[in-house]
Amino acid sequence: ESVHNGLPIYGEIAAGGLIEPCTDEDERLDLSGIQLRPKDYALRVNGDSMIDAMIAPGDIVIMRPVAEADRLKNGTIVAARVEGEGNTLKYFYRDQMEITLAAANPKYEPIKKPAEQVSVQGRLIGVWRDYIV
């Protein structure tokens, strides 16, 4: 069977107690839901700073370039370059002329920089996790 029509969703699985399995195929997972654009790109995640946003080390994040960073909504997950320090995947917050790049893991301090030192390269549009080893 082709996955171009989506994958069948066979009910729910418990991640706590136990529930009865369900094998009724009444719903499908549409893998074509992300409409990619020509300049979209992917990055492999290295590190655990976004773990509470369900982004784990080894995941692939799908990014869309950002033309105007000043139009980003606060709380958007972005790939950003901090001048002289490197790139990072973080939540983006702007307060006037200061940018905060915040982790989704309490063991990492937020990165606060003047806006002119931060270049947003893309915003998150999807995450892919491959469980096949």
# chains A, B, ... in the order shown; residues from 1 in each chain; ligands from 1
call {"tool": "closest_atom_pairs", "arguments": {"of": "region 58-84 of chain A", "to": "region 37-51 of chain A", "cutoff": "7 Å", "atoms": "only C-alpha atoms", "output": "Markdown table"}}
result
| residue | atom | partner | partner_atom | distance |
| --- | --- | --- | --- | --- |
| A:Gly58 | CA | A:Val45 | CA | 5.1 |
| A:Asp59 | CA | A:Val45 | CA | 5.4 |
| A:Ile60 | CA | A:Arg44 | CA | 4.5 |
| A:Val61 | CA | A:Leu43 | CA | 5.3 |
| A:Ile62 | CA | A:Ala42 | CA | 4.4 |
| A:Met63 | CA | A:Tyr41 | CA | 5.3 |
| A:Arg64 | CA | A:Asp40 | CA | 4.6 |
| A:Pro65 | CA | A:Asp40 | CA | 6.5 |
call {"tool": "write_last_selection", "arguments": {"atoms": "N, CA and C atoms", "output": "compact mmCIF listing (two decimals), in the first residue's frame"}}
result
# COMPACT_ATOMS: atom_id res chain seq x y z
N GLY A 58 19.13 14.77 17.43
CA GLY A 58 19.00 13.85 16.30
C GLY A 58 17.77 14.11 15.44
N ASP A 59 16.80 14.87 15.95
CA ASP A 59 15.63 15.22 15.14
C ASP A 59 16.06 16.08 13.96
N ILE A 60 15.24 16.08 12.93
CA ILE A 60 15.44 16.97 11.79
C ILE A 60 14.38 18.06 11.90
N VAL A 61 14.82 19.33 11.93
CA VAL A 61 13.86 20.44 11.94
C VAL A 61 13.77 21.00 10.52
N ILE A 62 12.55 21.28 10.10
CA ILE A 62 12.31 21.84 8.77
C ILE A 62 12.06 23.32 8.96
N MET A 63 12.87 24.12 8.27
CA MET A 63 12.87 25.56 8.48
C MET A 63 12.45 26.29 7.22
N ARG A 64 11.84 27.45 7.41
CA ARG A 64 11.46 28.33 6.31
C ARG A 64 12.20 29.66 6.50
N PRO A 65 12.91 30.13 5.48
CA PRO A 65 13.63 31.41 5.60
C PRO A 65 12.69 32.54 6.03
call {"tool": "closest_residue", "arguments": {"among": "A:Val118, A:Lys73, A:Gln35, A:Met54", "to": "Gly86 (chain A)", "atoms": "only C-alpha atoms"}}
result
A:Val118
call {"tool": "closest_residue", "arguments": {"among": "A:Ala80, A:Ala115, A:Leu101, A:Val120", "to": "Ala67 (chain A)", "atoms": "only C-alpha atoms"}}
result
A:Val120
call {"tool": "atom_distance", "arguments": {"atom1": "CA of Met97 (chain A)", "atom2": "CA of Glu68 (chain A)"}}
result
14.8 Å
call {"tool": "select_by_dssp", "arguments": {"residues": "region 26-115 of chain A", "states": "strand (DSSP E or B)", "output": "MDAnalysis selection string"}}
result
chainID A and resid 27:29 41:44 60:65 76:82 86:95 98:102 111:114
call {"tool": "atom_distance", "arguments": {"atom1": "CA of Leu124 (chain A)", "atom2": "CA of Val66 (chain A)"}}
result
10.1 Å
call {"tool": "residues_around", "arguments": {"residues": "Gly84 (chain A)", "least_positions_apart": "4", "cutoff": "12 Å", "atoms": "only C-alpha atoms", "output": "ChimeraX atom specification"}}
result
/A:113,117-119
call {"tool": "write_last_selection", "arguments": {"atoms": "all heavy atoms", "output": "compact mmCIF listing (two decimals), in the first residue's frame"}}
result
# COMPACT_ATOMS: atom_id res chain seq x y z
N LYS A 113 20.57 39.60 23.54
CA LYS A 113 21.52 40.35 22.72
C LYS A 113 20.83 41.55 22.10
O LYS A 113 19.62 41.52 21.84
CB LYS A 113 22.07 39.47 21.58
CG LYS A 113 22.88 38.27 22.04
CD LYS A 113 24.21 38.69 22.57
CE LYS A 113 25.01 37.51 23.06
NZ LYS A 113 26.28 37.88 23.62
N GLN A 117 22.81 42.27 16.68
CA GLN A 117 23.74 41.15 16.78
C GLN A 117 23.08 39.80 16.48
O GLN A 117 23.75 38.77 16.50
CB GLN A 117 24.37 41.10 18.17
CG GLN A 117 25.30 42.25 18.44
CD GLN A 117 25.94 42.15 19.82
OE1 GLN A 117 25.94 41.09 20.45
NE2 GLN A 117 26.47 43.26 20.30
N VAL A 118 21.77 39.82 16.22
CA VAL A 118 21.04 38.57 15.98
C VAL A 118 20.45 38.57 14.58
O VAL A 118 19.76 39.50 14.18
CB VAL A 118 19.91 38.39 17.02
CG1 VAL A 118 19.12 37.11 16.73
CG2 VAL A 118 20.47 38.36 18.43
N SER A 119 20.74 37.52 13.83
CA SER A 119 20.21 37.35 12.48
C SER A 119 19.36 36.09 12.46
O SER A 119 19.86 34.99 12.70
CB SER A 119 21.38 37.23 11.51
OG SER A 119 20.93 36.78 10.26
call {"tool": "residues_around", "arguments": {"residues": "Val78 (chain A)", "least_positions_apart": "6", "cutoff": "7 Å", "atoms": "only C-alpha atoms", "output": "short mmCIF file (atom, residue, chain, number, x, y, z; two decimals) with N, CA and C atoms, in the first residue's frame"}}
result
data_model
loop_
_atom_site.label_atom_id
_atom_site.label_comp_id
_atom_site.auth_asym_id
_atom_site.auth_seq_id
_atom_site.Cartn_x
_atom_site.Cartn_y
_atom_site.Cartn_z
N LEU A 89 19.03 27.04 17.77
CA LEU A 89 17.59 26.85 17.59
C LEU A 89 16.94 27.20 18.92
N LYS A 90 16.10 28.25 18.94
CA LYS A 90 15.52 28.73 20.19
C LYS A 90 14.18 29.42 19.93
N TYR A 91 13.44 29.67 21.03
CA TYR A 91 12.27 30.55 20.98
C TYR A 91 12.77 31.98 20.80
N PHE A 92 12.08 32.74 19.96
CA PHE A 92 12.46 34.12 19.65
C PHE A 92 11.52 35.10 20.36
N VAL A 120 18.05 36.25 12.21
CA VAL A 120 17.16 35.09 12.14
C VAL A 120 17.23 34.52 10.73
N GLY A 122 15.73 31.37 9.85
CA GLY A 122 14.54 30.62 9.48
C GLY A 122 13.64 30.40 10.67
N ARG A 123 12.37 30.06 10.38
CA ARG A 123 11.42 29.73 11.43
C ARG A 123 11.00 28.27 11.25
N LEU A 124 10.70 27.63 12.36
CA LEU A 124 10.34 26.21 12.35
C LEU A 124 8.99 26.00 11.69
#
call {"tool": "residues_around", "arguments": {"residues": "Thr100 (chain A)", "least_positions_apart": "5", "cutoff": "6 Å", "atoms": "only C-alpha atoms", "output": "ChimeraX atom specification"}}
result
/A:93,111-112
